[in-house]
$ cat model_33.tsv   # TSV, C-alpha atoms and all ligand atoms
chain	number	residue	atom	x	y	z
T	541	MET	CA	71.06	67.87	107.64
T	542	ILE	CA	72.86	69.68	110.46
T	543	TYR	CA	76.24	71.20	109.77
T	544	GLN	CA	78.83	72.65	112.10
T	545	GLN	CA	81.52	74.54	110.29
T	546	LYS	CA	84.07	77.25	110.73
T	547	GLY	CA	83.38	80.26	108.59
T	548	ILE	CA	83.05	83.99	108.29
T	549	MET	CA	80.03	86.09	107.40
T	550	ILE	CA	80.62	87.82	104.09
T	551	ARG	CA	77.26	89.49	103.50
T	552	GLN	CA	74.03	90.26	105.29
T	553	THR	CA	70.74	91.67	104.25
T	554	ASN	CA	67.54	92.43	106.12
T	555	TYR	CA	64.76	89.98	105.40
T	556	SER	CA	62.10	91.23	107.75
T	557	GLU	CA	61.92	93.50	110.76
T	558	SER	CA	63.38	90.80	112.95
T	559	SER	CA	65.27	88.51	110.60
T	560	ARG	CA	68.25	88.71	108.32
T	561	ILE	CA	69.67	86.55	105.63
T	562	ILE	CA	73.37	86.15	106.15
T	563	THR	CA	75.87	84.61	103.77
T	564	ILE	CA	78.87	82.81	105.10
T	565	LEU	CA	82.03	81.54	103.48
T	566	ASN	CA	82.71	78.27	105.24
T	567	GLU	CA	86.04	76.53	105.76
T	568	GLU	CA	85.53	74.37	102.68
T	569	GLY	CA	85.13	77.48	100.58
T	570	VAL	CA	81.39	77.05	100.07
T	571	ILE	CA	79.14	80.11	100.06
T	572	VAL	CA	76.15	79.35	102.26
T	573	PRO	CA	73.08	81.59	102.57
T	574	LEU	CA	71.40	81.25	105.94
T	575	MET	CA	68.21	82.57	107.43
T	576	ALA	CA	69.01	84.08	110.81
T	577	ARG	CA	65.69	84.39	112.59
T	578	GLY	CA	65.50	87.02	115.28
T	579	PHE	CA	68.81	88.53	114.19
T	580	ASN	CA	67.60	92.07	114.78
T	581	LYS	CA	66.05	91.41	118.17
T	582	THR	CA	67.70	92.86	121.26
T	583	LYS	CA	68.38	89.48	122.80
T	584	SER	CA	69.35	87.77	119.58
T	585	PRO	CA	71.69	84.82	119.95
T	586	PHE	CA	73.41	86.10	116.80
T	587	ILE	CA	74.28	89.48	118.31
T	588	VAL	CA	78.01	88.70	117.93
T	589	LEU	CA	77.62	88.96	114.17
T	590	ARG	CA	76.19	92.42	114.22
T	591	GLN	CA	79.45	94.29	113.94
T	592	GLY	CA	82.87	93.64	112.56
T	593	PHE	CA	84.61	90.60	111.17
T	594	LYS	CA	84.38	87.41	113.24
T	595	GLU	CA	85.63	83.95	112.56
T	596	ALA	CA	83.04	81.65	114.04
T	597	LEU	CA	81.73	78.14	114.31
T	598	PHE	CA	78.36	78.14	112.57
T	599	THR	CA	75.77	75.50	113.34
T	600	TYR	CA	73.04	75.37	110.75
T	601	SER	CA	70.56	73.08	109.14
T	602	ARG	CA	70.33	72.92	105.40
T	603	PHE	CA	68.89	70.64	102.82
T	604	LYS	CA	69.13	72.60	99.60
T	605	GLY	CA	69.37	76.31	98.91
T	606	MET	CA	69.02	78.46	101.96
T	607	GLY	CA	69.74	76.98	105.35
T	608	THR	CA	68.72	78.03	108.83
T	609	LEU	CA	71.25	79.35	111.30
T	610	ASN	CA	70.98	77.73	114.72
T	611	GLU	CA	74.04	78.79	116.65
T	612	VAL	CA	77.16	80.94	116.42
T	613	ASP	CA	80.29	80.48	118.53
T	614	VAL	CA	82.97	83.06	117.90
T	615	ILE	CA	86.46	81.67	117.37
T	616	SER	CA	88.31	84.92	116.62
T	617	GLN	CA	87.03	88.33	117.62
T	618	PHE	CA	89.60	90.18	115.48
T	619	LYS	CA	89.53	93.08	117.92
T	620	GLY	CA	92.71	94.53	116.46
T	621	ILE	CA	90.89	94.92	113.14
T	622	ASN	CA	87.37	95.72	114.31
T	623	ASN	CA	88.36	98.39	116.83
T	624	ASP	CA	90.66	100.31	114.54
T	625	PHE	CA	89.07	102.30	111.72
T	626	ASP	CA	92.19	102.24	109.53
T	627	VAL	CA	92.87	98.56	109.91
T	628	PHE	CA	89.20	97.77	109.40
T	629	ALA	CA	89.34	99.53	106.03
T	630	TYR	CA	92.20	97.24	105.00
T	631	GLY	CA	90.25	94.24	106.29
T	632	SER	CA	87.32	95.28	104.10
T	633	TYR	CA	89.64	95.63	101.13
T	634	ILE	CA	91.02	92.11	101.63
T	635	MET	CA	87.49	90.80	102.10
T	636	GLU	CA	86.49	92.36	98.79
T	637	PHE	CA	89.47	90.82	96.97
T	638	VAL	CA	88.42	87.40	98.21
T	639	THR	CA	84.64	87.62	97.90
T	640	ARG	CA	84.72	89.09	94.39
T	641	ILE	CA	86.02	85.87	92.84
T	642	LEU	CA	84.00	83.43	94.92
T	643	SER	CA	81.68	81.29	92.88
T	644	ASP	CA	79.64	78.15	93.36
T	645	GLU	CA	81.59	76.45	90.59
T	646	ASP	CA	85.12	77.00	91.81
T	647	VAL	CA	84.99	75.88	95.42
T	648	THR	CA	88.26	75.68	97.29
T	649	PRO	CA	89.20	75.88	100.98
T	650	LYS	CA	92.17	78.04	100.06
T	651	ASN	CA	90.07	81.20	99.76
T	652	PHE	CA	88.95	80.86	103.36
T	653	GLU	CA	92.48	79.99	104.45
T	654	LEU	CA	93.90	83.03	102.69
T	655	LEU	CA	91.30	85.32	104.21
T	656	MET	CA	91.91	84.01	107.72
T	657	LYS	CA	95.68	84.13	107.28
T	658	CYS	CA	95.59	87.75	106.16
T	659	PHE	CA	93.17	88.70	108.93
T	660	ARG	CA	95.44	87.11	111.52
T	661	LEU	CA	98.38	89.06	110.13
T	662	LEU	CA	96.35	92.25	110.07
T	663	GLU	CA	95.14	91.61	113.61
T	664	ASN	CA	98.75	91.55	114.80
T	665	LYS	CA	99.31	95.07	113.53
T	666	GLU	CA	102.43	95.85	115.54
T	667	GLU	CA	104.22	93.05	113.73
T	668	ASN	CA	102.78	93.29	110.24
T	669	GLU	CA	102.38	96.09	107.73
T	670	LYS	CA	98.76	96.47	106.56
T	671	ASN	CA	99.46	97.57	102.98
T	672	ALA	CA	101.81	94.64	102.51
T	673	VAL	CA	99.30	92.20	104.03
T	674	THR	CA	96.67	93.47	101.58
T	675	ALA	CA	99.15	93.08	98.74
T	676	LEU	CA	99.78	89.50	99.85
T	677	ALA	CA	96.08	88.67	99.57
T	678	ALA	CA	95.89	90.32	96.14
T	679	ILE	CA	99.00	88.52	94.87
T	680	LYS	CA	97.83	85.10	96.05
T	681	LEU	CA	94.46	85.66	94.34
T	682	MET	CA	95.95	86.72	91.00
T	683	PRO	CA	95.63	83.31	89.30
T	684	GLN	CA	91.90	83.33	90.10
T	685	TYR	CA	91.58	86.76	88.51
T	686	GLY	CA	93.44	85.47	85.47
T	687	ILE	CA	96.50	87.60	86.21
T	688	GLU	CA	100.09	86.46	86.00
T	689	ILE	CA	102.90	88.77	87.00
T	690	ASN	CA	106.40	88.07	85.82
T	691	VAL	CA	108.63	89.35	88.54
T	692	ASP	CA	111.20	86.55	88.51
T	693	GLU	CA	113.22	87.20	85.39
T	694	CYS	CA	113.96	89.96	82.92
T	695	ALA	CA	111.82	89.60	79.79
T	696	LEU	CA	114.70	90.60	77.55
T	697	CYS	CA	117.82	88.82	78.82
T	698	GLY	CA	116.39	86.28	81.24
T	699	SER	CA	118.47	87.52	84.14
T	700	LYS	CA	117.21	86.44	87.55
T	701	ASP	CA	119.34	88.87	89.47
T	702	TYR	CA	116.86	90.60	91.73
T	703	ASN	CA	119.25	93.41	92.54
T	704	THR	CA	118.92	94.70	88.98
T	705	PHE	CA	115.10	94.79	88.84
T	706	SER	CA	113.38	98.11	89.23
T	707	HIS	CA	111.02	98.50	86.26
T	708	TYR	CA	107.86	96.65	85.34
T	709	SER	CA	106.92	96.80	81.68
T	710	PHE	CA	103.32	96.68	80.50
T	711	MET	CA	104.65	96.11	76.99
T	712	TYR	CA	106.60	92.96	77.89
T	713	HIS	CA	104.32	92.14	80.82
T	714	SER	CA	107.39	91.55	82.93
T	715	VAL	CA	110.21	93.06	84.90
T	716	ILE	CA	113.09	94.47	82.93
T	717	CYS	CA	116.58	94.49	84.40
T	718	ASP	CA	118.64	97.65	84.66
T	719	TYR	CA	121.08	96.42	81.98
T	720	CYS	CA	118.31	96.04	79.40
T	721	ALA	CA	116.60	99.28	80.35
T	722	ASN	CA	116.82	102.00	77.72
T	723	GLU	CA	114.49	104.54	76.23
T	724	GLU	CA	113.01	102.01	73.82
T	725	THR	CA	112.56	99.05	76.15
T	726	LEU	CA	111.15	101.22	78.90
T	727	ALA	CA	108.15	102.37	76.88
T	728	ARG	CA	105.01	101.58	78.87
T	729	SER	CA	107.00	100.72	81.96
T	730	VAL	CA	106.85	101.95	85.50
T	731	ASN	CA	109.68	102.35	87.96
T	732	ILE	CA	108.38	100.17	90.77
T	733	GLY	CA	111.56	100.06	92.76
T	734	ASN	CA	113.71	97.11	93.60
T	735	ARG	CA	112.23	96.47	97.04
T	736	SER	CA	108.62	96.22	95.82
T	737	ILE	CA	109.55	93.82	93.05
T	738	TYR	CA	111.47	91.68	95.48
T	739	LEU	CA	108.52	91.60	97.90
T	740	ALA	CA	106.04	90.84	95.12
T	741	ALA	CA	108.18	87.94	93.92
T	742	TYR	CA	108.59	86.61	97.43
T	743	MET	CA	104.84	86.73	98.09
T	744	LYS	CA	104.06	85.16	94.74
T	745	ASN	CA	106.42	82.24	95.20
T	746	VAL	CA	106.33	81.43	98.90
T	747	LYS	CA	103.73	78.97	100.21
T	748	LEU	CA	101.09	80.68	102.29
T	749	ASP	CA	101.69	78.32	105.23
T	750	LEU	CA	105.26	79.51	105.47
T	751	ILE	CA	104.39	83.17	105.93
T	752	ASN	CA	104.28	84.04	109.62
T	753	SER	CA	104.85	87.75	109.38
T	754	VAL	CA	104.86	90.55	106.84
T	755	LYS	CA	107.41	93.03	108.05
T	756	THR	CA	108.25	96.07	106.01
T	757	SER	CA	108.16	99.83	106.39
T	758	PRO	CA	104.80	101.54	105.68
T	759	GLU	CA	106.46	103.26	102.68
T	760	ASN	CA	107.59	99.98	101.15
T	761	GLY	CA	104.26	98.36	101.93
T	762	ARG	CA	102.43	101.23	100.25
T	763	ALA	CA	104.71	101.10	97.21
T	764	LEU	CA	104.08	97.38	96.89
T	765	LEU	CA	100.30	97.79	97.13
T	766	ASN	CA	100.43	100.61	94.56
T	767	PHE	CA	102.23	98.28	92.18
T	768	ILE	CA	99.70	95.49	92.74
T	769	GLU	CA	96.79	97.89	92.22
T	770	MET	CA	98.39	98.99	88.95
T	771	ILE	CA	98.58	95.34	87.87
T	772	TYR	CA	94.93	94.75	88.74
T	773	ASP	CA	93.92	97.89	86.83
T	774	GLU	CA	95.81	96.77	83.77
T	775	TYR	CA	94.91	93.09	83.67
T	776	ALA	CA	91.68	92.62	85.59
T	777	GLY	CA	89.98	96.01	85.49
T	778	VAL	CA	88.00	95.31	88.64
T	779	TYR	CA	86.84	98.10	90.86
T	780	PHE	CA	87.03	97.60	94.61
T	781	LYS	CA	84.96	99.90	96.78
T	782	ALA	CA	87.30	99.68	99.76
T	783	ARG	CA	90.25	100.77	97.64
T	784	LYS	CA	89.14	104.38	97.63
T	785	LEU	CA	88.70	104.36	101.39
T	786	VAL	CA	92.17	102.90	101.90
T	787	ASN	CA	93.75	105.36	99.50
T	788	ASP	CA	91.97	108.30	101.15
T	789	LEU	CA	93.25	107.19	104.55
T	790	GLN	CA	96.77	107.04	103.17
T	791	ARG	CA	96.52	110.47	101.66
T	792	ARG	CA	95.25	111.93	104.92
T	793	ARG	CA	98.08	110.26	106.80
T	794	ARG	CA	100.64	111.79	104.50
T	795	SER	CA	99.18	115.27	104.80
T	796	ASP	CA	99.26	114.93	108.62
T	797	VAL	CA	103.03	114.51	108.58
G	801	ZN	ZN	117.71	92.09	81.18
$ encode --input "model_33.tsv" --output "structure tokens" --more "lines below"
Ligand SMILES: [Zn+2]
Amino acid sequence: MIYQQKGIMIRQTNYSESSRIITILNEEGVIVPLMARGFNKTKSPFIVLRQGFKEALFTYSRFKGMGTLNEVDVISQFKGINNDFDVFAYGSYIMEFVTRILSDEDVTPKNFELLMKCFRLLENKEENEKNAVTALAAIKLMPQYGIEINVDECALCGSKDYNTFSHYSFMYHSVICDYCANEETLARSVNIGNRSIYLAAYMKNVKLDLINSVKTSPENGRALLNFIEMIYDEYAGVYFKARKLVNDLQRRRRSDV
């Protein structure tokens, strides 16, 4: 059977001197391993896949198990991501968030859609803040990681007044409003800041299709991503390799100022 599908390469491994096995996530959310013969040759037709993230149209034949890659036509070059070391690190981080929960059992096109959406936002880096874009990916993936954040109402009084939210409690697993905050209720809580909680709630509740830009200051974006990383640490305990790279870049940036 011949398939032609949009997708992105998520892994690659050398198979022989000339060939590689690549794994793509296709638009339906299926993980497809493909033999790419001649991948490592100088005049390989798959040369476009050698570096960076590319959204592409993959033509392949497959019956069961591993397929054979026939053709690759690039749809998005993602030059804004691939040619910028910093942005590429964030792209890798988002990629890791998505690929970590992929499985053959839970197939959904929304993982591919989310990845492409975040890459398009990241690509347009003048308009969108990279920490906040990464946080968006992480927030939208939370249900799949078994995480639920309660950023919409105070755990103690039920208030939905966003202006009064600044603390997130790991005891109540929720935001706590400023009126309910005291020494006792704030045990095991973190002052996240009003802006980050607002952004987290917005990203959690808004439909992905409706997000066309992620505009915020780098400071607010960073604060939001810090909060989301704290949530992942507490509730999912997953380690992401790209996180260290991203955090190192941030630290260097700060010491440059
Ligand atoms: Zn309250």
$ closest_atom_pairs --input "model_33.tsv" --of "range 666-699 of chain T" --to "range 765-769 of chain T" --cutoff "7 Å" --atoms "only C-alpha atoms" --output "JSON lines"
{"residue": "T:Asn671", "atom": "CA", "partner": "T:Leu765", "partner_atom": "CA", "distance": 5.9}
{"residue": "T:Ala672", "atom": "CA", "partner": "T:Leu765", "partner_atom": "CA", "distance": 6.4}
{"residue": "T:Ala675", "atom": "CA", "partner": "T:Leu765", "partner_atom": "CA", "distance": 5.1}
$ atom_distance --input "model_33.tsv" --atom1 "CA of Lys604 in chain T" --atom2 "CA of Thr563 in chain T"
14.4 Å
$ closest_residue --input "model_33.tsv" --among "T:Tyr630, T:Phe659, T:Tyr543, T:Tyr702" --to "Leu739 in chain T" --atoms "all atoms listed in the file"
T:Tyr702
$ atom_distance --input "model_33.tsv" --atom1 "CA of Asn760 in chain T" --atom2 "CA of Tyr742 in chain T"
13.9 Å
$ residues_near_point --input "model_33.tsv" --point "(83.4, 76.0, 90.1)" --cutoff "12 Å" --atoms "only C-alpha atoms" --output "list of chain:residue names"
T:Gly569, T:Val570, T:Ile571, T:Ile641, T:Leu642, T:Ser643, T:Asp644, T:Glu645, T:Asp646, T:Val647, T:Thr648, T:Gln684
$ closest_residue --input "model_33.tsv" --among "T:Leu696, T:Ala596, T:Met549, T:Met656" --to "ligand ZN 801 (chain G)" --atoms "all atoms listed in the file"
T:Leu696
$ atom_distance --input "model_33.tsv" --atom1 "CA of Phe593 in chain T" --atom2 "CA of Asn622 in chain T"
6.6 Å
$ residues_near_ligand --input "model_33.tsv" --ligand "ligand ZN 801 (chain G)" --cutoff "9 Å" --atoms "only C-alpha atoms and all ligand atoms" --output "VMD selection string"
chain T and resid 693 to 700 704 to 705 715 to 721
$ write_last_selection --input "model_33.tsv" --atoms "C-alpha atoms" --output "tab-separated table (two decimals), in the frame of the given file"
chain	number	residue	atom	x	y	z
T	693	GLU	CA	113.22	87.20	85.39
T	694	CYS	CA	113.96	89.96	82.92
T	695	ALA	CA	111.82	89.60	79.79
T	696	LEU	CA	114.70	90.60	77.55
T	697	CYS	CA	117.82	88.82	78.82
T	698	GLY	CA	116.39	86.28	81.24
T	699	SER	CA	118.47	87.52	84.14
T	700	LYS	CA	117.21	86.44	87.55
T	704	THR	CA	118.92	94.70	88.98
T	705	PHE	CA	115.10	94.79	88.84
T	715	VAL	CA	110.21	93.06	84.90
T	716	ILE	CA	113.09	94.47	82.93
T	717	CYS	CA	116.58	94.49	84.40
T	718	ASP	CA	118.64	97.65	84.66
T	719	TYR	CA	121.08	96.42	81.98
T	720	CYS	CA	118.31	96.04	79.40
T	721	ALA	CA	116.60	99.28	80.35
$ closest_atom_pairs --input "model_33.tsv" --of "range 556-659 of chain T" --to "range 663-666 of chain T" --cutoff "9 Å" --atoms "only C-alpha atoms" --output "CSV"
residue,atom,partner,partner_atom,distance
T:Phe618,CA,T:Glu663,CA,6.0
T:Lys619,CA,T:Glu663,CA,7.2
T:Gly620,CA,T:Glu663,CA,4.7
T:Ile621,CA,T:Glu663,CA,5.4
T:Asn622,CA,T:Glu663,CA,8.8
T:Val627,CA,T:Lys665,CA,8.2
T:Cys658,CA,T:Glu663,CA,8.4
T:Phe659,CA,T:Glu663,CA,5.9
$ closest_residue --input "model_33.tsv" --among "T:Leu726, T:Val673, T:Ile561, T:Met575" --to "Lys755 in chain T" --atoms "all atoms listed in the file"
T:Val673
$ residues_around --input "model_33.tsv" --residues "range 772-789 of chain T" --least-positions-apart "6" --cutoff "10 Å" --atoms "all atoms listed in the file" --output "JSON, numbers by chain"
{"T": [625, 626, 627, 628, 629, 630, 631, 632, 633, 634, 635, 636, 637, 640, 671, 678, 679, 682, 685, 686, 687, 688, 689, 710, 713, 762, 766]}
$ build_atoms --input "model_33.tsv" --residues "range 592-622 of chain T" --atoms "N, CA and C atoms" --output "PDB file, in the coordinates of the input"
ATOM      1  N   GLY T 592      81.492  94.064 112.749  1.00  0.00           N
ATOM      2  CA  GLY T 592      82.870  93.640 112.560  1.00  0.00           C
ATOM      3  C   GLY T 592      83.026  92.257 111.969  1.00  0.00           C
ATOM      4  N   PHE T 593      84.287  91.916 111.715  1.00  0.00           N
ATOM      5  CA  PHE T 593      84.610  90.600 111.170  1.00  0.00           C
ATOM      6  C   PHE T 593      84.825  89.624 112.323  1.00  0.00           C
ATOM      7  N   LYS T 594      84.209  88.447 112.228  1.00  0.00           N
ATOM      8  CA  LYS T 594      84.380  87.410 113.240  1.00  0.00           C
ATOM      9  C   LYS T 594      84.559  86.061 112.562  1.00  0.00           C
ATOM     10  N   GLU T 595      85.572  85.352 112.976  1.00  0.00           N
ATOM     11  CA  GLU T 595      85.630  83.950 112.560  1.00  0.00           C
ATOM     12  C   GLU T 595      84.814  83.182 113.574  1.00  0.00           C
ATOM     13  N   ALA T 596      83.938  82.319 113.105  1.00  0.00           N
ATOM     14  CA  ALA T 596      83.040  81.650 114.040  1.00  0.00           C
ATOM     15  C   ALA T 596      82.740  80.217 113.613  1.00  0.00           C
ATOM     16  N   LEU T 597      82.232  79.472 114.590  1.00  0.00           N
ATOM     17  CA  LEU T 597      81.730  78.140 114.310  1.00  0.00           C
ATOM     18  C   LEU T 597      80.218  78.280 114.106  1.00  0.00           C
ATOM     19  N   PHE T 598      79.779  77.980 112.909  1.00  0.00           N
ATOM     20  CA  PHE T 598      78.360  78.140 112.570  1.00  0.00           C
ATOM     21  C   PHE T 598      77.668  76.784 112.613  1.00  0.00           C
ATOM     22  N   THR T 599      76.590  76.715 113.351  1.00  0.00           N
ATOM     23  CA  THR T 599      75.770  75.500 113.340  1.00  0.00           C
ATOM     24  C   THR T 599      74.489  75.826 112.588  1.00  0.00           C
ATOM     25  N   TYR T 600      74.216  75.071 111.557  1.00  0.00           N
ATOM     26  CA  TYR T 600      73.040  75.370 110.750  1.00  0.00           C
ATOM     27  C   TYR T 600      72.449  74.114 110.141  1.00  0.00           C
ATOM     28  N   SER T 601      71.182  74.189 109.837  1.00  0.00           N
ATOM     29  CA  SER T 601      70.560  73.080 109.140  1.00  0.00           C
ATOM     30  C   SER T 601      70.288  73.501 107.699  1.00  0.00           C
ATOM     31  N   ARG T 602      70.496  72.583 106.812  1.00  0.00           N
ATOM     32  CA  ARG T 602      70.330  72.920 105.400  1.00  0.00           C
ATOM     33  C   ARG T 602      70.061  71.655 104.615  1.00  0.00           C
ATOM     34  N   PHE T 603      69.123  71.758 103.737  1.00  0.00           N
ATOM     35  CA  PHE T 603      68.890  70.640 102.820  1.00  0.00           C
ATOM     36  C   PHE T 603      69.382  71.056 101.439  1.00  0.00           C
ATOM     37  N   LYS T 604      68.701  72.025 100.868  1.00  0.00           N
ATOM     38  CA  LYS T 604      69.130  72.600  99.600  1.00  0.00           C
ATOM     39  C   LYS T 604      68.894  74.095  99.689  1.00  0.00           C
ATOM     40  N   GLY T 605      69.613  74.865  98.907  1.00  0.00           N
ATOM     41  CA  GLY T 605      69.370  76.310  98.910  1.00  0.00           C
ATOM     42  C   GLY T 605      69.675  76.927 100.253  1.00  0.00           C
ATOM     43  N   MET T 606      68.773  77.751 100.723  1.00  0.00           N
ATOM     44  CA  MET T 606      69.020  78.460 101.960  1.00  0.00           C
ATOM     45  C   MET T 606      68.874  77.574 103.184  1.00  0.00           C
ATOM     46  N   GLY T 607      69.820  77.732 104.107  1.00  0.00           N
ATOM     47  CA  GLY T 607      69.740  76.980 105.350  1.00  0.00           C
ATOM     48  C   GLY T 607      69.195  77.852 106.466  1.00  0.00           C
ATOM     49  N   THR T 608      69.166  77.280 107.667  1.00  0.00           N
ATOM     50  CA  THR T 608      68.720  78.030 108.830  1.00  0.00           C
ATOM     51  C   THR T 608      69.830  78.036 109.877  1.00  0.00           C
ATOM     52  N   LEU T 609      70.184  79.227 110.307  1.00  0.00           N
ATOM     53  CA  LEU T 609      71.250  79.350 111.300  1.00  0.00           C
ATOM     54  C   LEU T 609      70.711  79.014 112.684  1.00  0.00           C
ATOM     55  N   ASN T 610      71.419  78.122 113.376  1.00  0.00           N
ATOM     56  CA  ASN T 610      70.980  77.730 114.720  1.00  0.00           C
ATOM     57  C   ASN T 610      71.838  78.340 115.817  1.00  0.00           C
ATOM     58  N   GLU T 611      73.147  78.357 115.585  1.00  0.00           N
ATOM     59  CA  GLU T 611      74.040  78.790 116.650  1.00  0.00           C
ATOM     60  C   GLU T 611      75.319  79.384 116.082  1.00  0.00           C
ATOM     61  N   VAL T 612      75.877  80.341 116.824  1.00  0.00           N
ATOM     62  CA  VAL T 612      77.160  80.940 116.420  1.00  0.00           C
ATOM     63  C   VAL T 612      78.090  80.974 117.616  1.00  0.00           C
ATOM     64  N   ASP T 613      79.262  80.386 117.484  1.00  0.00           N
ATOM     65  CA  ASP T 613      80.290  80.480 118.530  1.00  0.00           C
ATOM     66  C   ASP T 613      81.517  81.151 117.936  1.00  0.00           C
ATOM     67  N   VAL T 614      81.842  82.308 118.477  1.00  0.00           N
ATOM     68  CA  VAL T 614      82.970  83.060 117.900  1.00  0.00           C
ATOM     69  C   VAL T 614      84.294  82.388 118.228  1.00  0.00           C
ATOM     70  N   ILE T 615      85.110  82.237 117.206  1.00  0.00           N
ATOM     71  CA  ILE T 615      86.460  81.670 117.370  1.00  0.00           C
ATOM     72  C   ILE T 615      87.473  82.811 117.485  1.00  0.00           C
ATOM     73  N   SER T 616      87.402  83.759 116.565  1.00  0.00           N
ATOM     74  CA  SER T 616      88.310  84.920 116.620  1.00  0.00           C
ATOM     75  C   SER T 616      87.496  86.205 116.584  1.00  0.00           C
ATOM     76  N   GLN T 617      87.751  87.049 117.547  1.00  0.00           N
ATOM     77  CA  GLN T 617      87.030  88.330 117.620  1.00  0.00           C
ATOM     78  C   GLN T 617      87.623  89.389 116.689  1.00  0.00           C
ATOM     79  N   PHE T 618      88.875  89.215 116.329  1.00  0.00           N
ATOM     80  CA  PHE T 618      89.600  90.180 115.480  1.00  0.00           C
ATOM     81  C   PHE T 618      89.460  91.613 116.009  1.00  0.00           C
ATOM     82  N   LYS T 619      89.676  91.753 117.305  1.00  0.00           N
ATOM     83  CA  LYS T 619      89.530  93.080 117.920  1.00  0.00           C
ATOM     84  C   LYS T 619      90.515  94.102 117.350  1.00  0.00           C
ATOM     85  N   GLY T 620      91.699  93.626 117.023  1.00  0.00           N
ATOM     86  CA  GLY T 620      92.710  94.530 116.460  1.00  0.00           C
ATOM     87  C   GLY T 620      92.254  95.142 115.143  1.00  0.00           C
ATOM     88  N   ILE T 621      91.421  94.411 114.420  1.00  0.00           N
ATOM     89  CA  ILE T 621      90.890  94.920 113.140  1.00  0.00           C
ATOM     90  C   ILE T 621      89.613  95.726 113.399  1.00  0.00           C
ATOM     91  N   ASN T 622      88.705  95.116 114.150  1.00  0.00           N
ATOM     92  CA  ASN T 622      87.370  95.720 114.310  1.00  0.00           C
ATOM     93  C   ASN T 622      87.361  97.018 115.119  1.00  0.00           C
TER      94      ASN T 622
END
